[in-house]
Amino acid sequence: MPVLNVRGATVSYGGRAVVRGVDLAVESGEAVALMGANGSGKSTLIKAVAGLVPLANGAIELFGTPQKRFRAWKRIGYVPQRTGAASGVPSTAAEVVSQGRLAHRFLGMPAGRADRDAVVRSLAEVGLAEHAHCSVDTLSGGQQQRVLIARALATDPELLIMDEPTVGVDAETQAALAKVIADRVDAGCAVLLVTHELGPLTDRLDRAVVLADGEVVHDGAPPRPVGEHADPAHQHVHPHPSPHPRPKLDGAAPRISFGNADGTDDFWGGK
């Protein structure tokens, strides 16, 4: 049984379908990248899975339970697009990460030993053990992103959902994220993340699901650079041919950018 099973999902804003008839399944111990151009529906689909926006049509199941009846949210870790871990409130890194433990205890109950251990462990996992008592507004953008990832890890999730975790962060944070994904997948956790560029994540991912205009146009091997001397930090262009058929729209392949505003660097190569 998939950890996540999305069937025919459609999400609309103002009467316009942003996500259209998407099918997506993620198994335990599987890492899946959700990719596509800006406006393709990636983040909207992620928010629908996390229960933040409603479906206009279709169904979502989490751990075999229809989303509308699902209550065990502590089994899911969610990392939103980075807006700043502090959000204007003076908090230490440990205090922000401790928010990930709230679903593990009764309302109003103080943190216990297991909660404190989870916070320490999660900060260490993202390389911020020495910054536990630092105010988040003194940390760099990459460090703040790692605090948000640690907050999601603190809940000990069986499904980890991340929305653009690598945008605007340094190489150290990208490497830390790749290790987190590898370690969690090895432990049986399922990972679903939105990303434009794979970089160091490439070898940690099992599949890439590509959206264009709200529809799935590829579900298979992640894109990889051509040639053994390709730059590992620039892995969103010219992947090896997918085993899946090249989809057609009006007789031509859709243009799918992985991050460039001008629409270059399409998934199937070319401009």
# chains A, B, ... in the order shown; residues from 1 in each chain; ligands from 1
call {"tool": "residues_around", "arguments": {"residues": "Ser43 of chain A", "least_positions_apart": "2", "cutoff": "8 Å", "atoms": "only C-alpha atoms", "output": "list of chain:residue names"}}
result
A:Gly41, A:Leu45, A:Ile46, A:Lys47, A:Asp163, A:Val194
call {"tool": "atom_distance", "arguments": {"atom1": "atom CA of Val18 of chain A", "atom2": "atom CA of Gly36 of chain A"}}
result
13.1 Å
call {"tool": "residues_around", "arguments": {"residues": "segment 120-122 of chain A", "least_positions_apart": "6", "cutoff": "8 Å", "atoms": "only C-alpha atoms", "output": "NGL selection string"}}
result
:A and (94 or 97 or 129 or 132 or 150-151 or 153-154)
call {"tool": "write_last_selection", "arguments": {"atoms": "C-alpha atoms", "output": "PDB file, in the first residue's frame"}}
result
ATOM      1  CA  ALA A  94      15.755  24.707  19.296  1.00  0.00           C
ATOM      2  CA  VAL A  97      12.395  22.792  15.982  1.00  0.00           C
ATOM      3  CA  ALA A 129      23.819  21.145  16.734  1.00  0.00           C
ATOM      4  CA  ALA A 132      20.590  25.222  19.033  1.00  0.00           C
ATOM      5  CA  ALA A 150      14.878  19.957  11.372  1.00  0.00           C
ATOM      6  CA  ARG A 151      11.417  20.993  12.618  1.00  0.00           C
ATOM      7  CA  LEU A 153      12.330  15.823  11.114  1.00  0.00           C
ATOM      8  CA  ALA A 154      11.594  16.250  14.820  1.00  0.00           C
TER       9      ALA A 154
END
call {"tool": "closest_atom_pairs", "arguments": {"of": "segment 130-241 of chain A", "to": "segment 71-77 of chain A", "cutoff": "8 Å", "atoms": "only C-alpha atoms", "output": "Markdown table"}}
result
| residue | atom | partner | partner_atom | distance |
| --- | --- | --- | --- | --- |
| A:Ala152 | CA | A:Gly77 | CA | 4.4 |
| A:Leu153 | CA | A:Gly77 | CA | 6.3 |
| A:Thr155 | CA | A:Lys74 | CA | 6.0 |
| A:Asp156 | CA | A:Arg75 | CA | 7.1 |
| A:Pro157 | CA | A:Arg75 | CA | 4.6 |
| A:Glu158 | CA | A:Arg75 | CA | 5.3 |
| A:Leu159 | CA | A:Ile76 | CA | 4.9 |
| A:Leu160 | CA | A:Gly77 | CA | 4.7 |
| A:Ile161 | CA | A:Gly77 | CA | 6.0 |
call {"tool": "write_last_selection", "arguments": {"atoms": "C-alpha atoms", "output": "PDB file, in the first residue's frame"}}
result
ATOM      1  CA  ALA A 152       9.854  18.542  10.159  1.00  0.00           C
ATOM      2  CA  LEU A 153      12.330  15.823  11.114  1.00  0.00           C
ATOM      3  CA  THR A 155       8.171  14.682  14.354  1.00  0.00           C
ATOM      4  CA  ASP A 156       9.912  11.460  13.196  1.00  0.00           C
ATOM      5  CA  PRO A 157       7.850  11.410   9.980  1.00  0.00           C
ATOM      6  CA  GLU A 158       7.077   8.409   7.830  1.00  0.00           C
ATOM      7  CA  LEU A 159       6.361  10.786   4.925  1.00  0.00           C
ATOM      8  CA  LEU A 160       8.538  13.884   4.514  1.00  0.00           C
ATOM      9  CA  ILE A 161       7.120  16.586   2.195  1.00  0.00           C
TER      10      ILE A 161
END
call {"tool": "closest_residue", "arguments": {"among": "A:Leu177, A:Leu205, A:Leu55, A:Ala111", "to": "Ala9 of chain A", "atoms": "only C-alpha atoms"}}
result
A:Leu55
call {"tool": "residues_around", "arguments": {"residues": "Thr65 of chain A", "least_positions_apart": "5", "cutoff": "10 Å", "atoms": "only C-alpha atoms", "output": "count of residues only"}}
result
7
call {"tool": "closest_residue", "arguments": {"among": "A:His133, A:Arg207, A:Lys68, A:Arg101", "to": "Pro223 of chain A", "atoms": "only C-alpha atoms"}}
result
A:Arg207
